[in-house]
Each structure stands twice: as C-alpha cells, then as structure tokens.
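What follows is the content of run-v6.csv (CSV, C-alpha atoms).
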```csv
chain,number,residue,atom,x,y,z
A,3,MET,CA,72.6,20.7,144.0
A,4,PRO,CA,69.4,18.9,145.1
A,5,HIS,CA,69.2,17.2,148.3
A,6,ARG,CA,69.6,13.4,148.3
A,7,ILE,CA,67.2,10.9,150.0
A,8,THR,CA,69.0,7.7,151.1
A,9,ALA,CA,67.3,4.7,152.5
A,10,LEU,CA,69.1,3.4,155.5
A,11,THR,CA,69.7,-0.2,156.4
A,12,ASP,CA,66.7,-1.5,158.4
A,13,PRO,CA,67.8,-3.0,161.7
A,14,ALA,CA,66.7,-6.6,162.4
A,15,PRO,CA,63.0,-6.6,163.1
A,16,THR,CA,62.1,-6.9,166.8
A,17,ALA,CA,59.1,-8.5,168.5
A,18,SER,CA,57.1,-5.3,168.1
A,19,GLY,CA,58.0,-4.6,164.4
A,20,SER,CA,60.5,-3.2,161.9
A,21,ARG,CA,61.9,0.3,161.6
A,22,PRO,CA,63.0,1.5,158.1
A,23,ALA,CA,64.6,4.9,157.9
A,24,TRP,CA,65.7,7.5,155.3
A,25,LEU,CA,68.3,10.3,155.5
A,26,ALA,CA,68.3,13.5,153.6
A,27,SER,CA,71.6,15.1,152.8
A,28,ASP,CA,72.9,18.1,150.9
A,29,GLY,CA,75.3,18.2,148.0
A,30,GLU,CA,78.3,17.9,150.4
A,31,GLY,CA,76.8,15.0,152.3
A,32,ALA,CA,75.7,16.9,155.4
A,33,PRO,CA,72.5,15.5,156.9
A,34,THR,CA,69.5,17.8,156.6
A,35,GLY,CA,66.6,15.6,157.6
A,36,SER,CA,65.5,12.2,158.5
A,37,ALA,CA,62.4,9.9,158.6
A,38,PHE,CA,61.8,6.8,160.7
A,39,LEU,CA,58.9,4.5,160.0
A,40,ARG,CA,57.8,2.1,162.7
A,41,MET,CA,55.9,-0.9,161.2
A,42,PHE,CA,54.0,-2.7,163.9
A,43,SER,CA,53.9,-6.5,163.7
A,44,GLY,CA,51.9,-7.5,166.7
A,45,ARG,CA,48.5,-9.0,166.4
A,46,GLY,CA,45.9,-6.2,166.3
A,47,GLN,CA,48.3,-3.6,164.9
A,48,ARG,CA,49.6,-5.1,161.6
A,49,HIS,CA,47.6,-2.5,159.7
A,50,LEU,CA,49.5,0.4,161.4
A,51,ALA,CA,52.7,2.4,160.8
A,52,GLU,CA,54.0,5.4,162.8
A,53,LEU,CA,56.1,8.1,161.3
A,54,GLU,CA,58.8,10.4,162.9
A,55,LEU,CA,60.0,13.0,160.5
A,56,ALA,CA,62.4,16.0,161.1
A,57,VAL,CA,64.1,18.6,158.9
A,58,HIS,CA,66.8,21.0,160.1
A,59,ARG,CA,65.2,24.4,160.7
A,60,CYS,CA,67.7,26.0,158.3
A,61,GLU,CA,66.9,23.6,155.5
A,62,ARG,CA,63.1,23.8,155.5
A,63,ARG,CA,60.9,25.0,152.6
A,64,GLN,CA,63.1,23.2,150.1
A,65,GLY,CA,60.9,20.1,149.6
A,66,ILE,CA,63.0,17.9,151.9
A,67,GLY,CA,60.2,17.0,154.2
A,68,THR,CA,57.9,16.3,151.3
A,69,ARG,CA,60.3,13.9,149.7
A,70,LEU,CA,61.0,12.1,153.0
A,71,LEU,CA,57.3,11.8,153.6
A,72,ALA,CA,56.8,10.4,150.1
A,73,ALA,CA,59.4,7.7,150.7
A,74,ALA,CA,57.8,6.7,154.0
A,75,VAL,CA,54.3,6.7,152.6
A,76,ALA,CA,55.3,4.5,149.7
A,77,ALA,CA,57.0,2.0,152.0
A,78,ALA,CA,53.9,1.8,154.2
A,79,ARG,CA,51.7,1.3,151.2
A,80,ASP,CA,54.0,-1.4,149.8
A,81,ASP,CA,53.8,-3.2,153.1
A,82,GLY,CA,50.0,-3.2,153.0
A,83,ARG,CA,49.5,-0.7,155.9
A,84,ARG,CA,46.1,0.9,156.3
A,85,SER,CA,46.9,3.9,158.5
A,86,LEU,CA,50.0,6.1,159.1
A,87,LEU,CA,50.2,8.0,162.3
A,88,ALA,CA,52.4,11.0,163.1
A,89,GLN,CA,52.6,13.5,166.0
A,90,ALA,CA,53.4,17.2,166.1
A,91,GLU,CA,53.4,19.9,168.7
A,92,ASP,CA,50.3,22.0,168.5
A,93,GLY,CA,50.9,25.0,166.3
A,94,SER,CA,54.4,23.9,165.3
A,95,PRO,CA,55.8,23.8,161.7
A,96,GLY,CA,55.2,20.0,161.9
A,97,ASP,CA,51.6,20.6,162.7
A,98,LEU,CA,51.1,22.8,159.6
A,99,PHE,CA,53.2,20.4,157.5
A,100,LEU,CA,51.0,17.4,158.2
A,101,ALA,CA,47.7,19.2,157.9
A,102,ALA,CA,48.7,20.4,154.4
A,103,ARG,CA,49.6,17.0,153.2
A,104,GLY,CA,46.4,15.0,153.7
A,105,PHE,CA,46.8,14.0,157.3
A,106,ARG,CA,43.8,14.6,159.6
A,107,ARG,CA,43.7,15.4,163.3
A,108,VAL,CA,42.5,12.4,165.3
A,109,LEU,CA,43.7,13.0,168.8
A,110,ALA,CA,44.7,15.9,171.1
A,111,LEU,CA,47.2,15.3,173.8
A,112,THR,CA,48.4,17.3,176.8
A,113,TYR,CA,52.0,16.7,178.1
A,114,ALA,CA,52.6,17.4,181.8
A,115,ARG,CA,55.5,17.3,184.2
A,116,LEU,CA,55.6,16.8,188.0
A,117,PRO,CA,58.7,18.6,189.6
A,118,LEU,CA,59.7,16.1,192.2
A,119,ALA,CA,61.3,18.8,194.4
A,120,ASP,CA,57.8,20.3,194.9
A,121,VAL,CA,56.2,17.0,195.9
A,122,ASP,CA,54.6,16.9,199.3
A,123,LEU,CA,55.7,13.5,200.5
A,124,ARG,CA,53.4,13.6,203.5
A,125,ARG,CA,50.4,14.0,201.2
A,126,MET,CA,51.6,11.2,199.0
A,127,ASP,CA,52.0,9.0,202.0
A,128,ASP,CA,48.4,9.8,203.0
A,129,LEU,CA,47.1,8.9,199.6
A,130,VAL,CA,49.0,5.6,199.5
A,131,ARG,CA,47.9,4.6,203.1
A,132,ARG,CA,44.2,5.1,202.4
A,133,PRO,CA,42.6,1.6,202.6
A,134,HIS,CA,41.2,0.0,199.5
A,135,GLU,CA,39.2,-3.0,200.8
A,136,GLY,CA,39.8,-6.1,198.8
A,137,TYR,CA,43.0,-4.8,197.2
A,138,ARG,CA,46.7,-4.4,198.0
A,139,LEU,CA,49.7,-2.7,196.3
A,140,VAL,CA,52.7,-4.6,195.0
A,141,ARG,CA,55.9,-3.3,193.4
A,142,TRP,CA,58.8,-4.6,191.4
A,143,GLU,CA,61.7,-3.3,189.3
A,144,GLY,CA,62.5,-4.7,185.9
A,145,THR,CA,60.8,-7.9,184.8
A,146,VAL,CA,57.5,-9.0,186.5
A,147,PRO,CA,58.0,-11.7,189.2
A,148,PRO,CA,57.1,-15.2,187.8
A,149,GLU,CA,54.2,-15.6,190.2
A,150,LEU,CA,52.5,-12.5,188.8
A,151,ALA,CA,53.5,-12.8,185.1
A,152,LEU,CA,50.3,-14.4,183.8
A,153,SER,CA,47.8,-12.2,185.5
A,154,PHE,CA,50.0,-9.1,184.8
A,155,ALA,CA,49.9,-9.9,181.1
A,156,ALA,CA,46.2,-10.4,181.3
A,157,SER,CA,45.7,-7.0,183.0
A,158,ARG,CA,47.2,-5.2,180.1
A,159,ARG,CA,43.8,-5.2,178.4
A,160,ALA,CA,43.1,-2.4,180.9
A,161,MET,CA,44.5,-0.1,178.2
A,162,ASP,CA,42.3,-1.4,175.4
A,163,ASP,CA,39.6,1.1,175.9
A,164,MET,CA,41.7,4.2,176.8
A,165,PRO,CA,40.3,7.2,174.9
A,166,MET,CA,41.9,7.3,171.4
A,167,GLU,CA,39.2,9.3,169.6
A,168,ASP,CA,39.4,8.7,165.9
A,169,THR,CA,42.8,7.0,165.9
A,170,ASP,CA,43.0,3.7,164.0
A,171,TYR,CA,45.3,2.4,166.7
A,172,GLY,CA,44.0,-1.2,166.9
A,173,THR,CA,44.6,-3.4,169.9
A,174,VAL,CA,47.9,-4.3,171.5
A,175,VAL,CA,47.8,-8.1,172.3
A,176,TRP,CA,49.9,-9.0,175.3
A,177,ASP,CA,51.2,-12.3,176.6
A,178,VAL,CA,53.9,-13.2,179.1
A,179,ASP,CA,56.6,-13.3,176.4
A,180,ARG,CA,55.8,-9.8,175.3
A,181,VAL,CA,55.7,-8.4,178.8
A,182,ARG,CA,59.2,-9.8,179.4
A,183,ALA,CA,60.5,-8.6,176.1
A,184,ALA,CA,59.3,-5.0,176.9
A,185,ALA,CA,61.1,-5.1,180.2
A,186,ASP,CA,64.2,-6.5,178.6
A,187,ALA,CA,64.2,-3.7,176.0
A,188,VAL,CA,64.1,-1.0,178.7
A,189,ALA,CA,67.0,-2.7,180.5
A,190,ALA,CA,69.0,-3.1,177.3
A,191,ARG,CA,69.1,0.7,176.7
A,192,GLY,CA,70.3,1.2,180.3
A,193,ASP,CA,67.0,2.5,181.8
A,194,LEU,CA,65.1,1.3,184.9
A,195,LEU,CA,61.5,0.1,184.8
A,196,HIS,CA,59.5,0.5,188.0
A,197,THR,CA,56.0,-1.0,188.2
A,198,VAL,CA,53.3,-0.5,190.8
A,199,ALA,CA,50.4,-2.8,190.6
A,200,VAL,CA,47.1,-3.5,192.4
A,201,VAL,CA,46.4,-7.1,193.3
A,202,ARG,CA,43.0,-8.4,194.3
A,203,THR,CA,43.4,-10.0,197.7
A,204,ALA,CA,40.8,-12.7,197.0
A,205,ASP,CA,42.8,-14.5,194.4
A,206,GLY,CA,46.2,-12.6,194.1
A,207,SER,CA,45.5,-11.5,190.5
A,208,VAL,CA,46.8,-8.2,189.1
A,209,VAL,CA,43.9,-5.9,188.2
A,210,GLY,CA,45.8,-2.7,187.5
A,211,PHE,CA,49.3,-1.3,186.9
A,212,SER,CA,51.3,1.9,186.6
A,213,GLU,CA,54.7,1.8,184.9
A,214,LEU,CA,57.5,4.4,185.2
A,215,VAL,CA,60.8,4.4,183.3
A,216,VAL,CA,63.7,6.2,184.9
A,217,PRO,CA,67.1,7.0,183.3
A,218,GLY,CA,69.8,4.6,184.4
A,219,ASP,CA,71.8,7.2,186.3
A,220,GLY,CA,68.7,8.3,188.2
A,221,ARG,CA,68.9,11.9,186.9
A,222,GLY,CA,66.9,14.0,184.5
A,223,ASP,CA,63.2,13.1,184.2
A,224,GLY,CA,61.4,9.8,184.4
A,225,THR,CA,58.5,8.9,182.0
A,226,HIS,CA,55.2,7.3,182.8
A,227,TYR,CA,54.6,4.5,180.3
A,228,GLY,CA,51.0,3.8,181.2
A,229,THR,CA,48.5,3.5,184.1
A,230,GLY,CA,45.4,1.3,183.7
A,231,VAL,CA,42.8,-0.5,185.7
A,232,LEU,CA,40.6,-3.4,184.4
A,233,PRO,CA,37.1,-2.1,183.7
A,234,GLU,CA,35.5,-4.4,186.3
A,235,HIS,CA,37.7,-2.9,189.1
A,236,ARG,CA,37.3,0.8,188.3
A,237,SER,CA,35.6,3.5,190.5
A,238,HIS,CA,37.6,2.4,193.5
A,239,GLY,CA,40.4,5.0,193.3
A,240,LEU,CA,43.0,2.4,192.2
A,241,GLY,CA,44.5,4.6,189.5
A,242,LEU,CA,45.3,7.5,191.9
A,243,TRP,CA,46.5,5.0,194.5
A,244,MET,CA,49.0,3.4,192.1
A,245,LYS,CA,50.3,6.6,190.6
A,246,ALA,CA,50.7,8.2,194.0
A,247,GLU,CA,52.8,5.2,195.1
A,248,SER,CA,54.8,5.5,191.9
A,249,VAL,CA,55.6,9.2,192.6
A,250,ARG,CA,56.5,8.4,196.2
A,251,ARG,CA,58.9,5.6,195.3
A,252,ALA,CA,60.5,7.7,192.5
A,253,ARG,CA,61.3,10.4,195.0
A,254,GLU,CA,62.6,8.0,197.6
A,255,ARG,CA,64.6,5.7,195.2
A,256,HIS,CA,66.0,8.4,193.0
A,257,PRO,CA,66.7,11.6,195.0
A,258,GLU,CA,68.5,13.2,192.1
A,259,LEU,CA,65.6,12.7,189.7
A,260,GLY,CA,64.2,16.1,188.5
A,261,GLY,CA,60.7,15.2,187.5
A,262,LEU,CA,58.1,12.8,186.0
A,263,LEU,CA,56.7,13.2,182.5
A,264,THR,CA,53.3,12.1,181.3
A,265,ASP,CA,51.0,12.6,178.3
A,266,THR,CA,47.3,12.2,178.3
A,267,ALA,CA,44.5,12.4,175.7
A,268,ASP,CA,42.4,15.5,176.3
A,269,SER,CA,39.3,13.3,176.3
A,270,ASN,CA,40.7,11.1,179.1
A,271,THR,CA,39.2,13.2,181.8
A,272,HIS,CA,39.7,10.6,184.5
A,273,MET,CA,43.5,10.4,184.1
A,274,ARG,CA,43.8,14.1,183.7
A,275,ALA,CA,42.0,14.5,187.0
A,276,ILE,CA,44.5,12.1,188.6
A,277,ASN,CA,47.4,14.1,187.2
A,278,ASP,CA,45.9,17.4,188.5
A,279,THR,CA,45.4,15.9,191.9
A,280,LEU,CA,49.0,14.8,192.1
A,281,GLY,CA,50.4,18.2,191.0
A,282,TYR,CA,51.4,17.6,187.4
A,283,LEU,CA,51.7,20.8,185.4
A,284,PRO,CA,51.0,21.1,181.7
A,285,THR,CA,54.0,21.8,179.5
A,286,HIS,CA,52.7,21.7,176.0
A,287,LYS,CA,50.0,20.2,173.7
A,288,ALA,CA,50.4,17.9,170.8
A,289,VAL,CA,48.3,16.6,168.0
A,290,GLU,CA,48.1,13.0,166.6
A,291,TYR,CA,47.6,13.0,162.9
A,292,GLN,CA,46.5,10.1,160.7
A,293,LEU,CA,46.9,9.5,157.0
A,294,ASP,CA,44.4,6.9,155.7
A,295,LEU,CA,46.4,4.8,153.1
```

For the file at hand, write its structure as structure tokens.
Amino acid sequence: MPHRITALTDPAPTASGSRPAWLASDGEGAPTGSAFLRMFSGRGQRHLAELELAVHRCERRQGIGTRLLAAAVAAARDDGRRSLLAQAEDGSPGDLFLAARGFRRVLALTYARLPLADVDLRRMDDLVRRPHEGYRLVRWEGTVPPELALSFAASRRAMDDMPMEDTDYGTVVWDVDRVRAAADAVAARGDLLHTVAVVRTADGSVVGFSELVVPGDGRGDGTHYGTGVLPEHRSHGLGLWMKAESVRRARERHPELGGLLTDTADSNTHMRAINDTLGYLPTHKAVEYQLDL
C-alpha cells in the first residue's frame, strides 16, 4: 500500500512567520517521514521559506522524501515565496537528496563545540579583563533591560553583513517588540537566554552583543545564537571579549553544563578565528542549499 502524505494543522502564525507541516505514514498509519516549512513574515524576509525534511532510514528510496518535498515546494510557491532553503550534513543522504532535486549549494558551515570541562578559566578571566578603551561589558538574563532596549534593537544590524555567500537570506528587521518577543519565546520553551553586550561609554549605547541559550535545567549543551559588532566599532577585539565573557559566565552559572555549540560560515574567517582562540573543536560540516522558486 502506498505511503500517505497528510497536511497537518498549521499552528497559529507567530511574529516571525507560519509553519505548515506534512506527515508521511505507511498503510498501517505508522509515521515514516515529515516535512516542516517555515514561512518568514518579517520585513526583509517575506520572500523566503525554510525546509526541514526527514524520512526514517528504513523507509528511504520509496519516494517518500520526494512527495514530501513536492508538497512543501507547492505550498511555498502558492504563498509567493522566491527562495526555499534547506540544510544537510555534508556527505549525508540529505546532502545527496537535495543536490539531485534542483537545489544548489549556497553556503558551507562548520559546527563546533567547546567542552566546558576543558576551559581554562584563568585564561578566560585574562581575556575578559583586558581593557578596551571607550567600551564596557554589560550582561543580562532573559529580556533586555528597558534602558538598553532601544539601542540593543538597533545593534542587531551588526548581523546584516555576516557572510552568507549566495544565500538569498534577505535582512532581518529588528525593533524593540521583536527583541522582546524573541526573549519571550526562549523563556516559553523553558530555556535560559544569556546576553553579553558591549556598551560605548561615551553615550551608553549597545554596539555589540553575544547571545547564548542554555537548557532550563542547566545540563547538556548550550547554543550560541549569534555574536555581532556594529561595523563602525570593529577591529577592537570586541567579539572575542564578549564571547570569552559568555563562556566564563556559562561555566560559573551552570556548573553541570557540558559544552557550548556554535556554527559558523566557512567564509566567516574572523568568527572562526575567535572560536579557535577560545578552544572550540569542529564536530561536523553542513551545507545550506537553496531552491530558486
């Protein structure tokens, strides 16, 4: 009996977009695969959709993935999307699947992990204590403090020019409401958001930030959500300064945390150098694919 593809109920759209989904099942109703499509709704990304597709390893080569992909592509086209993104581990079945179905490679990524048990806290302290004239570090957990909210939202443009190679990613437009909504989303799922930022002492404005999300129980691995410095404040070592403080605080605040995870575009040589300096070890490589609709 052929596998059935069922469209699932789309949860209520959020501030960042909607998320239609499809489930593949066999003749007895057992799930065999799934596809999730993230439809971005923010200004600067309304042309974009992002796909997550998976088929159980025992059910592959039966056309299930192809049918799930067809459903997702049709939905993206019907919604007027221009580009569809999907990611796969380099050399994996997903990598071969996307390459054979019209997707093109647009970005290479390296994933890395810092084992916190191996961190030299004395060295981290030395990095954090180095003076950076005209700047100071600030830290908060959860939602940004009200007095920093406006300049923190403005500082998010530091990510606008991060290396994305040929990816049609667009621009994420941030305001205070979006910053607060992102923090609320992390809290709602039970995780902890830690932010380290650099403030210019002359006017108290945020000029850079580094975000880390930690599981609510303080165990397992934390994940870096992004580190950025405004272009006009680069070349002062602020990225390394913030990330070193983020590592130091994670080790102190969450002694049972195993490690910190990060992913970086291979072309982002500056951030890769920071990760190398701090002791992050590559774990695997991934490829970002794009289908031009």

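Contact shell of Asp92 in chain A at 12 Å (all atoms listed in the file; same-chain neighbours under 6 positions omitted): A:Leu98, A:Phe99, A:Leu100, A:Ala101, A:Arg107, A:Leu109, A:Ala110, A:Leu111, A:Thr112, A:Tyr113, A:Thr285, A:His286, A:Lys287, A:Ala288, A:Val289, A:Glu290, A:Tyr291.
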
Any chance you can output those residues with C-alpha atoms as a compact mmCIF listing (two decimals), in the frame of the given file?
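The resulting selection.txt:
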```txt
# COMPACT_ATOMS: atom_id res chain seq x y z
CA LEU A 98 51.10 22.80 159.60
CA PHE A 99 53.20 20.40 157.50
CA LEU A 100 51.00 17.40 158.20
CA ALA A 101 47.70 19.20 157.90
CA ARG A 107 43.70 15.40 163.30
CA LEU A 109 43.70 13.00 168.80
CA ALA A 110 44.70 15.90 171.10
CA LEU A 111 47.20 15.30 173.80
CA THR A 112 48.40 17.30 176.80
CA TYR A 113 52.00 16.70 178.10
CA THR A 285 54.00 21.80 179.50
CA HIS A 286 52.70 21.70 176.00
CA LYS A 287 50.00 20.20 173.70
CA ALA A 288 50.40 17.90 170.80
CA VAL A 289 48.30 16.60 168.00
CA GLU A 290 48.10 13.00 166.60
CA TYR A 291 47.60 13.00 162.90
```

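Within 6 Å of the file-frame point (46.2, 9.3, 173.5), and using only C-alpha atoms, the polymer residues found are Met166, Thr266 and Ala267 of chain A.
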
Subject >> Nearest candidate to Leu87 in chain A (options A:Arg40, A:His134, A:Arg124, A:Arg103; using only C-alpha atoms) >> reply: A:Arg40

Subject >> Residues near Pro95 in chain A, cut-off 12 Å, all atoms listed in the file, skip fewer than 2 positions along chain, as a PyMOL selection string >> reply: chain A and resi 55-59+62-63+67+89-93+97-102

Subject >> Residues near Arg6 in chain A, cut-off 12 Å, all atoms listed in the file, skip fewer than 3 positions along chain, as a PyMOL selection string >> reply: chain A and resi 3+9+24-36+64-67+69-70+73

**OP:** Tell me which of A:Ala190, A:Val216, A:Leu283, A:Val201 sits closest to Asp265 in chain A, counting only C-alpha atoms.
**Re:** A:Leu283

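Compared by their closest atoms to Ile276 in chain A, and using only C-alpha atoms, the residues A:Gly82, A:Gly220, A:Gly239, A:Gly46 rank with A:Gly239 nearest.
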
**OP:** Would you please work out which residue, of A:Asp177, A:Asp162, A:Glu247, A:Asp223, is nearest to Arg138 in chain A when using all atoms listed in the file?
**Re:** A:Glu247

Subject >> Of the listed residues A:Asp268, A:Glu167, A:Asp128, A:Asp219, that which approaches Leu194 in chain A most closely, counting all atoms listed in the file >> reply: A:Asp219

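Among the candidates A:Ala204, A:Val215, A:Leu242, A:Val130, the one nearest to Val188 in chain A when counting all atoms listed in the file is A:Val215.
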
May I have a table of the residues of range 108-226 of chain A lying at most 12 Å from range 233-236 of chain A, giving each one's closest pair of atoms and their distance in Å to one decimal, counting all atoms listed in the file, ordered by chain and ascending residue number, as JSON lines?
```
{"residue": "A:His134", "atom": "CA", "partner": "A:His235", "partner_atom": "CA", "distance": 11.3}
{"residue": "A:Glu135", "atom": "CA", "partner": "A:His235", "partner_atom": "CA", "distance": 11.8}
{"residue": "A:Gly136", "atom": "CA", "partner": "A:His235", "partner_atom": "CA", "distance": 10.4}
{"residue": "A:Tyr137", "atom": "CA", "partner": "A:His235", "partner_atom": "CA", "distance": 9.9}
{"residue": "A:Ser157", "atom": "CA", "partner": "A:Pro233", "partner_atom": "CA", "distance": 9.9}
{"residue": "A:Arg158", "atom": "CA", "partner": "A:Pro233", "partner_atom": "CA", "distance": 11.2}
{"residue": "A:Arg159", "atom": "CA", "partner": "A:Pro233", "partner_atom": "CA", "distance": 9.1}
{"residue": "A:Ala160", "atom": "CA", "partner": "A:Pro233", "partner_atom": "CA", "distance": 6.6}
{"residue": "A:Met161", "atom": "CA", "partner": "A:Pro233", "partner_atom": "CA", "distance": 9.4}
{"residue": "A:Asp162", "atom": "CA", "partner": "A:Pro233", "partner_atom": "CA", "distance": 9.8}
{"residue": "A:Asp163", "atom": "CA", "partner": "A:Pro233", "partner_atom": "CA", "distance": 8.8}
{"residue": "A:Met164", "atom": "CA", "partner": "A:Pro233", "partner_atom": "CA", "distance": 10.4}
{"residue": "A:Val200", "atom": "CA", "partner": "A:His235", "partner_atom": "CA", "distance": 10.0}
{"residue": "A:Val201", "atom": "CA", "partner": "A:His235", "partner_atom": "CA", "distance": 10.5}
{"residue": "A:Arg202", "atom": "CA", "partner": "A:His235", "partner_atom": "CA", "distance": 9.2}
{"residue": "A:Ser207", "atom": "CA", "partner": "A:His235", "partner_atom": "CA", "distance": 11.7}
{"residue": "A:Val208", "atom": "CA", "partner": "A:His235", "partner_atom": "CA", "distance": 10.5}
{"residue": "A:Val209", "atom": "CA", "partner": "A:His235", "partner_atom": "CA", "distance": 6.9}
{"residue": "A:Gly210", "atom": "CA", "partner": "A:His235", "partner_atom": "CA", "distance": 8.3}
{"residue": "A:Phe211", "atom": "CA", "partner": "A:His235", "partner_atom": "CA", "distance": 11.9}
```

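Pairwise distance (CA of Thr173 in chain A, CA of Ala114 in chain A) equals 25.3 Å.
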
Subject >> d(CA of Leu150 in chain A, CA of Gly206 in chain A) in Å >> reply: 8.2 Å

**OP:** For Ser20 in chain A, work out the shell of residues within 12 Å, counting only C-alpha atoms and skipping chain neighbours fewer than 4 positions away, then give it as a ChimeraX atom specification.
**Re:** /A:11-16,38-44,48,50-52,77-78,81

Grab range 192-215 of chain A from that structure and dump N, CA and C atoms to a file, as an mmCIF file, in the first residue's frame.
```cif
data_model
loop_
_atom_site.group_PDB
_atom_site.id
_atom_site.type_symbol
_atom_site.label_atom_id
_atom_site.label_comp_id
_atom_site.auth_asym_id
_atom_site.auth_seq_id
_atom_site.Cartn_x
_atom_site.Cartn_y
_atom_site.Cartn_z
ATOM 1 N N GLY A 192 11.125 27.035 28.140
ATOM 2 C CA GLY A 192 11.835 26.597 29.334
ATOM 3 C C GLY A 192 13.334 26.753 29.290
ATOM 4 N N ASP A 193 13.864 27.455 28.286
ATOM 5 C CA ASP A 193 15.308 27.669 28.195
ATOM 6 C C ASP A 193 15.695 29.022 28.799
ATOM 7 N N LEU A 194 16.997 29.221 28.940
ATOM 8 C CA LEU A 194 17.523 30.440 29.558
ATOM 9 C C LEU A 194 18.345 31.204 28.531
ATOM 10 N N LEU A 195 18.046 32.493 28.363
ATOM 11 C CA LEU A 195 18.766 33.339 27.420
ATOM 12 C C LEU A 195 19.742 34.226 28.178
ATOM 13 N N HIS A 196 21.038 34.083 27.869
ATOM 14 C CA HIS A 196 22.085 34.911 28.475
ATOM 15 C C HIS A 196 22.675 35.817 27.398
ATOM 16 N N THR A 197 22.761 37.094 27.680
ATOM 17 C CA THR A 197 23.313 38.042 26.721
ATOM 18 C C THR A 197 24.465 38.806 27.347
ATOM 19 N N VAL A 198 25.552 38.892 26.604
ATOM 20 C CA VAL A 198 26.680 39.769 26.948
ATOM 21 C C VAL A 198 26.732 40.820 25.856
ATOM 22 N N ALA A 199 26.853 42.069 26.230
ATOM 23 C CA ALA A 199 26.887 43.145 25.250
ATOM 24 C C ALA A 199 28.015 44.109 25.573
ATOM 25 N N VAL A 200 28.436 44.835 24.546
ATOM 26 C CA VAL A 200 29.410 45.911 24.712
ATOM 27 C C VAL A 200 28.679 47.236 24.580
ATOM 28 N N VAL A 201 28.928 48.112 25.539
ATOM 29 C CA VAL A 201 28.323 49.443 25.549
ATOM 30 C C VAL A 201 29.420 50.480 25.347
ATOM 31 N N ARG A 202 29.160 51.459 24.502
ATOM 32 C CA ARG A 202 30.089 52.567 24.337
ATOM 33 C C ARG A 202 29.934 53.504 25.535
ATOM 34 N N THR A 203 31.021 53.746 26.242
ATOM 35 C CA THR A 203 30.948 54.527 27.479
ATOM 36 C C THR A 203 30.532 55.967 27.219
ATOM 37 N N ALA A 204 30.815 56.498 26.027
ATOM 38 C CA ALA A 204 30.514 57.905 25.755
ATOM 39 C C ALA A 204 29.024 58.211 25.817
ATOM 40 N N ASP A 205 28.194 57.260 25.349
ATOM 41 C CA ASP A 205 26.751 57.537 25.318
ATOM 42 C C ASP A 205 25.894 56.398 25.865
ATOM 43 N N GLY A 206 26.516 55.299 26.309
ATOM 44 C CA GLY A 206 25.758 54.195 26.893
ATOM 45 C C GLY A 206 24.999 53.348 25.893
ATOM 46 N N SER A 207 25.332 53.452 24.609
ATOM 47 C CA SER A 207 24.613 52.687 23.593
ATOM 48 C C SER A 207 25.274 51.327 23.369
ATOM 49 N N VAL A 208 24.456 50.325 23.046
ATOM 50 C CA VAL A 208 24.945 48.980 22.751
ATOM 51 C C VAL A 208 25.533 48.964 21.343
ATOM 52 N N VAL A 209 26.759 48.463 21.218
ATOM 53 C CA VAL A 209 27.424 48.415 19.911
ATOM 54 C C VAL A 209 27.773 46.990 19.490
ATOM 55 N N GLY A 210 27.500 46.016 20.352
ATOM 56 C CA GLY A 210 27.761 44.618 20.025
ATOM 57 C C GLY A 210 27.097 43.718 21.043
ATOM 58 N N PHE A 211 26.878 42.457 20.669
ATOM 59 C CA PHE A 211 26.195 41.533 21.575
ATOM 60 C C PHE A 211 26.600 40.106 21.262
ATOM 61 N N SER A 212 26.456 39.228 22.247
ATOM 62 C CA SER A 212 26.664 37.798 22.078
ATOM 63 C C SER A 212 25.608 37.081 22.897
ATOM 64 N N GLU A 213 24.777 36.259 22.230
ATOM 65 C CA GLU A 213 23.666 35.587 22.894
ATOM 66 C C GLU A 213 23.947 34.095 23.042
ATOM 67 N N LEU A 214 23.589 33.559 24.184
ATOM 68 C CA LEU A 214 23.757 32.141 24.481
ATOM 69 C C LEU A 214 22.463 31.622 25.079
ATOM 70 N N VAL A 215 21.967 30.489 24.574
ATOM 71 C CA VAL A 215 20.768 29.851 25.111
ATOM 72 C C VAL A 215 21.167 28.552 25.789
#
```
